[in-house]
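Visitor: My structure file structure07.txt, compact mmCIF, C-alpha atoms, is below:
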```
# COMPACT_ATOMS: atom_id res chain seq x y z
CA SER A 1 12.24 20.41 77.42
CA ALA A 2 9.39 20.36 74.92
CA PRO A 3 8.56 24.04 75.09
CA GLY A 4 12.25 24.87 74.91
CA GLU A 5 12.61 22.93 71.68
CA GLY A 6 9.55 24.56 70.32
CA HIS A 7 10.91 27.87 71.22
CA ARG A 8 14.22 27.21 69.56
CA GLY A 9 12.49 26.00 66.42
CA GLN A 10 10.40 29.10 66.33
CA THR A 11 13.34 31.38 66.60
CA ALA A 12 15.25 29.54 63.89
CA ARG A 13 12.32 29.75 61.53
CA GLY A 14 11.85 33.35 62.47
CA ALA A 15 15.48 34.11 61.77
CA ARG A 16 15.27 32.50 58.36
CA ARG A 17 12.16 34.44 57.56
CA ARG A 18 13.88 37.61 58.59
CA ALA A 19 16.98 36.90 56.58
CA GLY A 20 14.96 35.71 53.63
CA PRO A 21 14.49 38.93 51.66
CA ASP A 22 18.13 39.92 52.17
CA ARG A 23 19.47 36.65 50.92
CA ARG A 24 17.19 36.68 47.93
CA ARG A 25 18.46 40.07 46.97
CA ARG A 26 22.07 38.95 47.28
CA SER A 27 22.01 35.67 45.36
CA GLY A 28 19.93 36.80 42.44
CA SER A 29 16.79 35.41 40.94
CA ARG A 30 17.99 31.86 40.31
CA ARG A 31 17.46 30.78 43.88
CA ALA A 32 14.09 32.49 43.92
CA ALA A 33 13.06 30.63 40.81
CA ARG A 34 14.12 27.35 42.33
CA ARG A 35 12.15 28.10 45.46
CA SER A 36 9.00 28.96 43.55
CA ARG A 37 9.37 25.78 41.51
CA ARG A 38 9.72 23.81 44.71
CA ALA A 39 6.60 25.47 46.05
CA ALA A 40 4.66 24.61 42.91
CA ARG A 41 5.78 21.02 43.23
CA ARG A 42 4.62 20.88 46.80
CA ALA A 43 1.20 21.91 45.57
CA GLU A 44 1.03 18.89 43.22
CA PRO A 45 -0.92 15.82 44.24
CA ALA A 46 1.14 13.10 45.86
CA THR A 47 0.89 10.66 42.92
CA GLN A 48 2.37 13.16 40.51
CA ARG A 49 5.20 13.82 42.89
CA ALA A 50 5.90 10.10 43.03
CA THR A 51 6.10 9.72 39.25
CA ARG A 52 8.39 12.70 39.07
CA ARG A 53 10.67 11.12 41.59
CA ALA A 54 10.65 7.86 39.60
CA GLU A 55 11.43 9.77 36.46
CA ARG A 56 14.38 11.43 38.10
CA ARG A 57 15.69 8.04 39.02
CA TRP A 58 15.30 6.90 35.41
CA ARG A 59 17.08 9.92 34.14
CA GLY A 60 20.19 8.61 35.83
CA VAL A 61 20.46 5.89 33.20
CA ARG A 62 18.80 7.76 30.39
CA LEU A 63 21.86 8.64 28.41
CA LEU A 64 21.76 12.40 27.95
CA SER A 65 19.19 11.95 25.27
CA TRP A 66 16.09 13.76 26.31
CA ARG A 67 15.47 15.05 22.80
CA LEU A 68 18.67 15.17 20.89
CA GLU A 69 18.67 17.40 17.92
CA ALA A 70 18.27 15.59 14.66
CA THR A 71 21.04 16.06 12.17
CA ARG A 72 19.25 17.65 9.30
CA ARG A 73 20.66 18.28 5.89
CA GLY A 74 19.50 20.71 3.27
CA ARG A 75 16.50 19.41 1.37
CA HIS A 76 18.23 19.78 -1.94
CA GLY A 77 21.23 17.70 -0.95
CA SER A 78 21.85 15.13 -3.64
CA VAL A 79 23.02 11.61 -3.06
CA PHE A 80 26.29 12.61 -4.67
CA GLN A 81 26.80 15.42 -2.18
CA LEU A 82 25.84 13.16 0.71
CA LEU A 83 28.31 10.49 -0.28
CA THR A 84 31.09 12.97 -0.85
CA ASP A 85 30.52 14.43 2.60
CA LEU A 86 30.45 10.98 4.11
CA LYS A 87 33.69 10.08 2.41
CA GLU A 88 35.35 13.19 3.83
CA GLN A 89 34.02 12.42 7.28
CA ARG A 90 35.30 8.90 7.15
CA LYS A 91 38.66 10.01 5.87
CA GLU A 92 38.99 12.23 8.94
CA SER A 93 38.07 9.48 11.36
CA GLY A 94 39.96 6.91 9.34
CA LYS A 95 42.40 6.01 12.08
CA ASN A 96 39.52 5.48 14.45
CA LYS A 97 39.18 1.96 15.82
CA HIS A 98 35.42 2.11 15.50
CA SER A 99 35.47 2.15 11.72
CA SER A 100 36.26 -1.55 11.59
CA GLY A 101 33.27 -3.66 10.68
CA GLN A 102 32.10 -0.98 8.27
CA GLN A 103 33.26 -2.77 5.13
CA ASN A 104 29.74 -2.90 3.79
CA LEU A 105 29.35 0.83 4.08
CA ASN A 106 32.75 1.42 2.54
CA THR A 107 32.03 -0.86 -0.41
CA ILE A 108 28.62 0.53 -1.21
CA THR A 109 29.56 4.19 -0.84
CA TYR A 110 32.70 3.73 -2.92
CA GLU A 111 30.85 1.95 -5.72
CA THR A 112 27.90 4.32 -5.68
CA LEU A 113 30.14 7.35 -5.71
CA LYS A 114 32.06 5.86 -8.59
CA TYR A 115 28.84 5.36 -10.51
CA ILE A 116 27.44 8.82 -9.83
CA SER A 117 30.75 10.49 -10.66
CA LYS A 118 30.33 9.25 -14.21
CA THR A 119 26.86 10.77 -14.60
CA PRO A 120 26.13 14.41 -15.49
CA CYS A 121 24.72 14.85 -11.96
CA ARG A 122 28.28 15.25 -10.74
CA HIS A 123 28.41 18.81 -12.02
CA GLN A 124 25.02 19.91 -10.76
CA SER A 125 24.50 22.12 -7.75
CA PRO A 126 21.32 23.00 -5.84
CA GLU A 127 21.25 26.36 -7.64
CA ILE A 128 21.42 24.73 -11.05
CA VAL A 129 18.70 22.25 -10.11
CA ARG A 130 16.45 25.04 -8.89
CA GLU A 131 17.03 27.04 -12.06
CA PHE A 132 16.32 23.96 -14.15
CA LEU A 133 13.08 23.20 -12.33
CA THR A 134 11.78 26.75 -12.75
CA ALA A 135 12.63 26.60 -16.44
CA MET A 136 10.80 23.27 -16.68
CA LYS A 137 7.53 24.68 -15.34
CA SER A 138 6.39 25.72 -18.80
CA HIS A 139 6.97 22.26 -20.26
CA LYS A 140 4.30 20.50 -18.21
CA LEU A 141 6.25 17.37 -17.36
CA THR A 142 5.76 15.02 -14.45
CA LYS A 143 8.16 14.93 -11.54
CA ALA A 144 9.59 11.60 -12.62
CA GLU A 145 10.22 12.91 -16.12
CA LYS A 146 11.97 16.01 -14.84
CA LEU A 147 14.09 13.84 -12.58
CA GLN A 148 15.11 11.67 -15.50
CA LEU A 149 16.08 14.73 -17.51
CA LEU A 150 18.21 15.89 -14.58
CA ASN A 151 19.83 12.51 -14.14
CA HIS A 152 20.62 11.94 -17.80
CA ARG A 153 20.96 15.40 -19.34
CA PRO A 154 19.65 14.12 -22.70
CA MET A 155 21.17 15.61 -25.80
CA THR A 156 19.14 13.94 -28.54
CA ALA A 157 15.45 13.79 -29.36
CA VAL A 158 15.55 10.00 -29.11
CA GLU A 159 16.53 10.23 -25.45
CA ILE A 160 13.72 12.69 -24.74
CA GLN A 161 11.25 10.25 -26.27
CA LEU A 162 12.50 7.58 -23.92
CA MET A 163 12.13 9.67 -20.80
CA VAL A 164 8.88 11.45 -21.55
CA GLU A 165 5.90 9.15 -21.72
CA GLU A 166 3.85 9.35 -24.90
CA SER A 167 6.07 12.16 -26.06
CA GLU A 168 4.73 11.90 -29.62
CA GLU A 169 1.27 12.95 -28.48
CA ARG A 170 2.28 15.35 -25.76
CA LEU A 171 5.13 17.18 -27.40
CA THR A 172 5.57 18.66 -30.84
CA GLU A 173 8.94 18.57 -32.56
CA GLU A 174 9.50 22.23 -31.71
CA GLN A 175 8.72 21.56 -28.06
CA ILE A 176 11.25 18.74 -27.98
CA GLU A 177 13.80 21.07 -29.53
CA ALA A 178 13.04 23.70 -26.90
CA LEU A 179 13.30 21.11 -24.17
CA LEU A 180 16.66 19.92 -25.46
CA HIS A 181 17.82 23.50 -25.56
CA THR A 182 16.85 24.21 -21.93
CA VAL A 183 18.42 20.97 -20.77
CA THR A 184 21.74 21.52 -22.51
CA SER A 185 21.95 25.23 -21.74
CA ILE A 186 21.15 25.05 -18.02
CA LEU A 187 22.68 21.73 -17.00
CA PRO A 188 26.45 21.86 -17.22
CA ALA A 189 28.31 19.30 -19.26
CA GLY A 190 31.36 17.88 -17.60
CA PRO A 191 34.71 19.16 -18.82
CA GLU A 192 35.33 15.77 -20.39
CA ALA A 193 31.99 15.97 -22.22
CA GLU A 194 32.94 19.16 -24.09
CA PRO A 195 33.55 17.55 -27.50
CA LYS A 196 30.18 15.77 -27.22
CA LYS A 197 28.47 19.08 -26.65
CA ASN A 198 30.03 20.47 -29.81
CA THR A 199 28.71 17.65 -31.94
CA ASN A 200 25.30 18.27 -30.43
CA ASP A 201 25.48 21.94 -31.32
CA ASP A 202 26.36 21.03 -34.89
CA MET A 203 23.43 18.67 -35.00
CA THR A 204 20.89 21.20 -33.78
CA MET A 205 22.28 23.71 -36.24
CA ASP A 206 21.85 21.23 -39.06
CA GLU A 207 18.30 20.66 -38.02
CA GLU A 208 17.61 24.33 -37.75
CA ASN A 209 18.99 25.19 -41.17
CA PRO A 210 16.32 23.51 -43.28
CA ALA A 211 13.63 24.98 -41.05
CA MET B 212 6.56 -0.89 34.18
CA GLY B 213 7.91 2.56 34.72
CA TYR B 214 8.99 3.10 31.15
CA SER B 215 6.08 1.63 29.23
CA ARG B 216 4.13 4.86 29.31
CA HIS B 217 6.61 6.38 26.87
CA TYR B 218 5.45 4.00 24.20
CA HIS B 219 1.75 4.76 24.31
CA GLU B 220 1.74 6.18 20.79
CA ALA B 221 0.78 3.76 18.08
CA PRO B 222 3.95 2.18 16.67
CA LEU B 223 4.90 3.63 13.32
CA PRO B 224 5.16 1.30 10.35
CA ALA B 225 8.67 -0.03 9.93
CA TRP B 226 8.92 1.78 6.62
CA GLU B 227 6.75 4.00 4.49
CA PRO B 228 6.49 3.72 0.74
CA PRO B 229 8.87 6.16 -0.91
CA ALA B 230 7.27 9.55 -1.33
CA GLN B 231 8.84 10.23 -4.68
CA ALA B 232 10.06 7.95 -7.38
CA ALA B 233 13.70 8.04 -8.27
CA MET B 234 16.76 5.94 -8.69
CA PHE B 235 17.61 6.68 -5.08
CA VAL B 236 14.82 7.24 -2.60
CA LEU B 237 14.73 8.34 0.99
CA VAL B 238 12.95 5.79 3.12
CA GLU B 239 11.77 6.57 6.62
CA MET B 240 12.46 3.75 9.01
CA VAL B 241 12.20 3.11 12.73
CA ASP B 242 14.53 0.82 14.61
CA THR B 243 15.70 0.21 18.14
CA VAL B 244 19.45 0.46 18.29
CA ARG B 245 21.55 -1.21 20.95
CA ILE B 246 24.71 0.65 21.93
CA PRO B 247 27.19 -1.35 24.00
CA PRO B 248 28.58 0.41 27.08
CA TRP B 249 32.10 0.80 25.70
CA GLN B 250 30.70 3.28 23.20
CA PHE B 251 29.12 5.50 25.84
CA GLU B 252 32.03 7.91 25.70
CA ARG B 253 31.12 8.84 22.13
CA LYS B 254 28.28 11.06 21.01
CA LEU B 255 25.07 9.04 20.90
CA ASN B 256 24.20 10.28 17.41
CA ASP B 257 27.53 9.12 16.05
CA SER B 258 27.36 5.66 17.51
CA ILE B 259 23.76 5.23 16.37
CA ALA B 260 24.64 6.35 12.85
CA GLU B 261 27.46 3.84 12.82
CA GLU B 262 25.29 1.01 14.11
CA LEU B 263 22.59 1.75 11.52
CA ASN B 264 25.13 1.78 8.72
CA LYS B 265 26.66 -1.43 10.01
CA LYS B 266 23.27 -3.06 10.00
CA LEU B 267 21.85 -1.77 6.72
CA ALA B 268 24.52 -0.54 4.31
CA ASN B 269 24.88 -2.72 1.21
CA LYS B 270 21.92 -4.89 2.26
CA VAL B 271 18.61 -5.38 0.56
CA VAL B 272 15.52 -4.75 2.66
CA TYR B 273 12.59 -6.81 1.48
CA ASN B 274 10.28 -4.75 -0.74
CA VAL B 275 12.25 -1.59 0.02
CA GLY B 276 15.46 -1.81 -2.00
CA LEU B 277 19.21 -1.80 -1.66
CA CYS B 278 20.32 0.33 1.28
CA ILE B 279 23.16 2.75 0.55
CA CYS B 280 23.79 4.91 3.62
CA LEU B 281 22.13 6.84 6.41
CA PHE B 282 20.67 10.19 5.37
CA ASP B 283 19.71 11.62 8.74
CA ILE B 284 18.25 10.87 12.14
CA THR B 285 14.89 12.58 12.51
CA LYS B 286 14.04 11.62 16.07
CA LEU B 287 15.65 9.88 18.98
CA GLU B 288 13.41 8.52 21.66
CA ASP B 289 14.61 7.94 25.20
CA ALA B 290 17.43 5.48 25.66
CA TYR B 291 17.03 2.75 28.25
CA VAL B 292 19.28 0.37 30.04
CA PHE B 293 17.48 -2.83 30.87
CA PRO B 294 18.21 -5.09 33.81
CA GLY B 295 20.83 -7.67 32.95
CA ASP B 296 22.30 -5.79 29.99
CA GLY B 297 24.63 -2.84 30.27
CA ALA B 298 23.86 -1.61 26.77
CA SER B 299 21.49 1.22 26.00
CA HIS B 300 18.52 0.76 23.73
CA THR B 301 17.29 3.75 21.76
CA LYS B 302 14.33 3.87 19.44
CA VAL B 303 15.46 5.87 16.41
CA HIS B 304 13.46 7.43 13.59
CA PHE B 305 15.73 7.93 10.62
CA ARG B 306 15.85 8.30 6.88
CA TYR B 307 17.96 6.03 4.73
CA VAL B 308 19.13 6.41 1.15
CA VAL B 309 17.88 3.39 -0.76
CA PHE B 310 18.47 2.32 -4.33
CA HIS B 311 15.07 1.50 -5.77
CA PRO B 312 14.49 2.69 -9.33
CA PHE B 313 10.87 3.04 -10.36
CA LEU B 314 9.37 0.99 -13.14
CA ASP B 315 10.01 2.52 -16.57
CA GLU B 316 13.02 4.42 -15.29
CA ILE B 317 15.93 4.70 -17.71
CA LEU B 318 19.30 3.68 -16.29
CA ILE B 319 22.78 3.39 -17.69
CA GLY B 320 24.96 0.46 -16.72
CA LYS B 321 27.78 -1.71 -17.95
CA ILE B 322 27.40 -5.13 -19.51
CA LYS B 323 28.71 -7.67 -17.04
CA GLY B 324 28.33 -10.59 -19.37
CA CYS B 325 26.04 -12.49 -21.72
CA SER B 326 24.49 -15.88 -21.27
CA PRO B 327 21.65 -17.75 -22.98
CA GLU B 328 19.30 -16.26 -20.33
CA GLY B 329 20.05 -12.78 -21.58
CA VAL B 330 22.37 -9.87 -20.95
CA HIS B 331 23.59 -9.27 -17.40
CA VAL B 332 24.10 -5.63 -16.49
CA SER B 333 25.90 -4.07 -13.55
CA LEU B 334 25.73 -0.57 -12.13
CA GLY B 335 28.90 -1.08 -10.11
CA PHE B 336 27.13 -1.05 -6.78
CA PHE B 337 24.24 -3.21 -7.97
CA ASP B 338 24.71 -6.30 -10.14
CA ASP B 339 21.45 -8.19 -10.33
CA ILE B 340 20.02 -6.80 -13.54
CA LEU B 341 18.99 -9.07 -16.39
CA ILE B 342 17.76 -8.18 -19.84
CA PRO B 343 16.01 -11.31 -21.11
CA PRO B 344 16.35 -12.28 -24.82
CA GLU B 345 12.81 -11.20 -25.71
CA SER B 346 13.52 -7.68 -24.41
CA LEU B 347 16.60 -7.17 -26.57
CA GLN B 348 16.56 -5.20 -29.81
CA GLN B 349 15.04 -7.55 -32.38
CA PRO B 350 16.15 -9.57 -34.26
CA ALA B 351 18.71 -10.78 -31.74
CA LYS B 352 20.75 -13.95 -31.64
CA PHE B 353 23.16 -15.51 -29.20
CA ASP B 354 26.62 -16.12 -30.60
CA ASP B 355 27.66 -19.43 -29.04
CA THR B 356 31.32 -19.27 -29.98
CA GLU B 357 31.86 -15.79 -28.53
CA GLN B 358 29.20 -16.11 -25.84
CA VAL B 359 27.71 -12.77 -26.73
CA TRP B 360 24.33 -11.42 -27.82
CA VAL B 361 24.14 -9.81 -31.24
CA TRP B 362 21.59 -7.39 -32.65
CA GLU B 363 21.20 -8.14 -36.35
CA TYR B 364 20.49 -4.58 -37.32
CA GLU B 365 19.03 -4.36 -40.78
CA THR B 366 20.03 -1.57 -43.12
CA GLU B 367 19.60 -1.07 -46.85
CA GLU B 368 23.02 -2.66 -47.37
CA GLY B 369 21.97 -5.77 -45.47
CA ALA B 370 22.14 -7.02 -41.91
CA HIS B 371 24.68 -5.40 -39.68
CA ASP B 372 25.80 -7.34 -36.61
CA LEU B 373 25.99 -5.24 -33.46
CA TYR B 374 27.75 -7.10 -30.68
CA MET B 375 26.95 -6.53 -27.04
CA ASP B 376 30.41 -6.99 -25.58
CA THR B 377 31.24 -7.16 -21.89
CA GLY B 378 32.17 -3.80 -20.40
CA GLU B 379 30.17 -1.74 -22.90
CA GLU B 380 27.91 0.96 -21.52
CA ILE B 381 24.27 0.23 -22.03
CA ARG B 382 21.10 2.25 -21.56
CA PHE B 383 18.03 0.26 -20.52
CA ARG B 384 14.56 0.64 -19.14
CA VAL B 385 13.54 -1.00 -15.86
CA VAL B 386 10.45 -3.08 -16.65
CA ASP B 387 10.16 -5.35 -13.64
CA GLU B 388 11.58 -5.95 -10.21
CA SER B 389 11.39 -8.88 -7.86
CA PHE B 390 12.22 -9.32 -4.23
CA VAL B 391 13.02 -12.74 -2.84
CA ASP B 392 12.81 -13.31 0.88
CA THR B 393 16.23 -14.81 1.60
CA SER B 394 15.92 -14.76 5.36
CA PRO B 395 16.70 -18.11 6.94
CA THR B 396 13.72 -20.41 7.23
CA GLY B 397 12.72 -22.32 10.31
CA PRO B 398 13.21 -26.08 10.57
CA SER B 399 9.57 -26.83 9.76
CA SER B 400 9.58 -25.10 6.41
CA ALA B 401 13.03 -26.48 5.62
CA GLU B 402 11.57 -29.97 5.95
CA ALA B 403 8.77 -29.07 3.60
CA THR B 404 11.14 -27.81 0.93
CA SER B 405 13.68 -30.60 1.35
CA SER B 406 12.93 -31.75 -2.20
CA SER B 407 14.22 -28.49 -3.63
CA GLU B 408 17.33 -28.58 -1.51
CA GLU B 409 19.40 -29.88 -4.41
CA LEU B 410 19.55 -26.30 -5.63
CA PRO B 411 22.24 -24.70 -3.50
CA LYS B 412 22.26 -21.70 -5.86
CA LYS B 413 22.15 -18.49 -3.88
CA GLU B 414 19.24 -16.41 -5.02
CA ALA B 415 19.62 -12.67 -5.34
CA PRO B 416 17.33 -10.89 -2.90
CA TYR B 417 16.51 -8.09 -5.33
CA THR B 418 16.60 -8.37 -9.10
CA LEU B 419 15.71 -5.92 -11.80
CA VAL B 420 14.50 -6.90 -15.24
CA GLY B 421 15.50 -4.53 -17.99
CA SER B 422 14.48 -3.97 -21.57
CA ILE B 423 16.25 -2.39 -24.53
CA SER B 424 13.61 -3.02 -27.19
CA GLU B 425 13.01 0.66 -28.00
CA PRO B 426 14.84 3.15 -30.15
CA GLY B 427 17.47 4.92 -28.08
CA LEU B 428 18.04 1.94 -25.79
CA GLY B 429 20.99 -0.40 -25.93
CA LEU B 430 24.68 0.34 -26.18
CA LEU B 431 25.39 4.06 -25.97
CA SER B 432 27.64 3.74 -29.03
CA TRP B 433 24.66 2.62 -31.13
CA TRP B 434 22.89 5.95 -30.79
CA THR B 435 25.64 8.54 -30.82
CA SER B 436 25.75 10.38 -34.11
CA SER B 437 29.53 10.24 -34.48
```
With the file now loaded, output its structure as C-alpha cells.

Guide:
Amino acid sequence: SAPGEGHRGQTARGARRRAGPDRRRRSGSRRAARRSRRAARRAEPATQRATRRAERRWRGVRLLSWRLEATRRGRHGSVFQLLTDLKEQRKESGKNKHSSGQQNLNTITYETLKYISKTPCRHQSPEIVREFLTAMKSHKLTKAEKLQLLNHRPMTAVEIQLMVEESEERLTEEQIEALLHTVTSILPAGPEAEPKKNTNDDMTMDEENPA
Amino acid sequence: MGYSRHYHEAPLPAWEPPAQAAMFVLVEMVDTVRIPPWQFERKLNDSIAEELNKKLANKVVYNVGLCICLFDITKLEDAYVFPGDGASHTKVHFRYVVFHPFLDEILIGKIKGCSPEGVHVSLGFFDDILIPPESLQQPAKFDDTEQVWVWEYETEEGAHDLYMDTGEEIRFRVVDESFVDTSPTGPSSAEATSSSEELPKKEAPYTLVGSISEPGLGLLSWWTSS
C-alpha cells in the first residue's frame, strides 16, 4: 500500500505543478504575490515565524489601530477657530448619548469662546495674521511682543509701551507711530469698534498736524 | 510578555514645556486612555478625544495650566485588551490647548470684586486672578463703605477719585503665578498637617497675580481719550 500512496501523492503534486502556470495566469497576480510572500516566510528562521504567529493572534484584539492617522489641523488655526469648530461639531452630535458627562468641556469652551469673541482676534484670519507678521519683520520685535499686538490690536502709544519691552529705548516716537499705523491698517476692527477707530484716526491726525 | 517589546522606547515626559509663550499654549502630553467595550462601535479617535476632554477640560494640571480642549491627536500606539478587563488601553500622544499666560503678558478681564486683599479679576473662564493693593495705581485706598478700591488720581485741580467697580473691564499685567498641588494627600501626611486642618478653605490650584501700576493699565475707561 505504501508505494501506491506514494504514487498517488506524486501524481497529485505533479498535477498541481502542471496546472500551476495556467491557474496563475487566470487568477491574476494577487495569488502569485501571496504565494511568493508565503515562500519568503518559509525561508525565515523558526523563531521569527513564531513571533509573527503570536503577533497575528494579538492583532485579533488590537482594535483596528495599527497606526491610525492623526487628526491634524492647519498650523495657523487659532484657538478661536478651534473652539468654533468644536462647538459646531458638538451641536451636530448634540442628541448623542455620549455627550453626557462633558459638562466641564461645555463650560470651558463656552466661557473661553465668549471671552475670545470680545477680543479683536475674532475678526482675524490666517491670511491677515500672515500679512501682519510679514509687515512686522521690519520692526524687529520679539515673538511675544508680536503676539501681544495681534491679541490686543493696540490703538494708542501707551498700549504699545506696555506690550513692547523697553520701548522708550528701542523705539522712537516715529517708529511707534508707524507701528500703530501697521497694526490698525492690517488688523481689522470689529464692526462694533468702528466709532473707536474714527476717534483714533482723529487723534493721529492731530498728532501729525503739528509735525 | 508578548506586548512589552512595543514599549522599548524611552517613555516620553508627561508634558513638555510650552514651545512658545502665549495666553493659550499647545502642550504635548502622553496618556494611556481606557475605552470601555460599549464604545467599541465608535471610531477610536472619537472616543479617545472624548475621554481626554472628559479627563482634562476645565482642570488645572500642576505646573502646566488650565486645560481648555483637545487640539489634536499626534500618535496612537497599539491598543491592548488586558486579561480580566474588557476595555482597551491605548497610549495616546496628543496636544492640548492650555491657558497659561506668560509673565509680563497683558490681559484684559473684568473686575469680579474688591476686598481688602486687593482686586479680584475674572476672565470668564478663569477666575483666580488677584491684583494686590501694592500693585494698584498709587495712591490707592480701600473704600470700606462701598467695598471698592479707589485710585486717588491727582490732577492740577486736585485729587480725582477713580473707582474700580465690579464688572468694569480692566487691563493688567501678569506678574506672578502660583500652582498649588491640590491632589488628595495620603493618611500619613494628613496626620502631619492635622494642626492646619481648621482651614477648610479650598485653595485654588492655579492663581495669577496681576499688576496695574503702570500707565495704560487699569480700567479701560481710564485710558480712552473720549

Visitor: Looking at B:Lys352, B:Tyr307, B:Leu314, B:Pro294, which one is nearest to Glu328 (chain B), with distances taken over all atoms listed in the file?

Guide: B:Lys352

Visitor: Quick one: residues within 9 Å of Gly427 (chain B), all atoms listed in the file, excluding same-chain residues fewer than 2 positions away - as a ChimeraX atom specification?

Guide: /A:158-159,161-162 /B:382-383,423-425,429-431,433-434

Visitor: Which residues are close to His311 (chain B), i.e. within 12 Å by only C-alpha atoms, leaving aside same-chain residues fewer than 5 positions away? Reply as number ranges by chain.

Guide: B: 228-229, 231-238, 271-279, 316, 318, 337, 385, 387-390, 417-419

Visitor: Using only C-alpha atoms, can you tell me which of A:Gln102, A:Gln124, A:Ser185, A:Thr172 comes closest to chain B?

Guide: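 Ranked by minimum distance to chain B, first place goes to A:Gln102.
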
Visitor: In Å, rounded to a single decimal, give me how far CA of Leu150 (chain A) is from CA of Val183 (chain A).

Guide: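 So the answer is 8.0 Å.
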
Visitor: For CA of Ala135 (chain A) and CA of Leu82 (chain A), determine how far apart the two atoms are, in Å to one decimal place.

Guide: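 The value is 25.5 Å.
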
Visitor: Output as a list in words the set of chain B residues within 6 Å of chain A, with distances taken over all atoms listed in the file.

Guide: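 In the required form, that comes to Lys265, Ala268, Asn269, Asp283, Ile284, Thr285, Lys286, Ala290, Tyr291, Gly335, Phe336 and Gly427 of chain B.
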
Visitor: Write out, as a short mmCIF file (atom, residue, chain, number, x, y, z; two decimals), in the coordinates of the input, the residues just selected, with C-alpha atoms.

Guide:
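The file below, part13.cif, is the result:
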```cif
data_model
loop_
_atom_site.label_atom_id
_atom_site.label_comp_id
_atom_site.auth_asym_id
_atom_site.auth_seq_id
_atom_site.Cartn_x
_atom_site.Cartn_y
_atom_site.Cartn_z
CA LYS B 265 26.66 -1.43 10.01
CA ALA B 268 24.52 -0.54 4.31
CA ASN B 269 24.88 -2.72 1.21
CA ASP B 283 19.71 11.62 8.74
CA ILE B 284 18.25 10.87 12.14
CA THR B 285 14.89 12.58 12.51
CA LYS B 286 14.04 11.62 16.07
CA ALA B 290 17.43 5.48 25.66
CA TYR B 291 17.03 2.75 28.25
CA GLY B 335 28.90 -1.08 -10.11
CA PHE B 336 27.13 -1.05 -6.78
CA GLY B 427 17.47 4.92 -28.08
#
```

Visitor: Record the distance separating CA of Asp338 (chain B) and CA of Lys321 (chain B), expressed in Å with one decimal.

Guide: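 Between these atoms lies a distance of 9.6 Å.
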
Visitor: Do you know which residues are at most 6 Å from region 300-302 of chain B counting only C-alpha atoms, after dropping those on the same chain fewer than 3 positions away, and could you put them as a list in words?

Guide: Asp242, Thr243, Val244, Arg245, Glu288, Ala290 and Tyr291 of chain B

Visitor: Using all atoms listed in the file, find the one residue out of B:Val332, B:Leu287, B:Met240, B:Leu263 that sits nearest to Thr377 (chain B).

Guide: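 When distances to Thr377 (chain B) are compared using all atoms listed in the file, the smallest one comes from B:Val332.
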
Visitor: So, with all atoms listed in the file as the atoms that count, which of B:Ala260, B:Pro426, B:Lys270, B:Val292 lies closest to Pro247 (chain B)?

Guide: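 So, comparing all the options, the nearest one is B:Val292.
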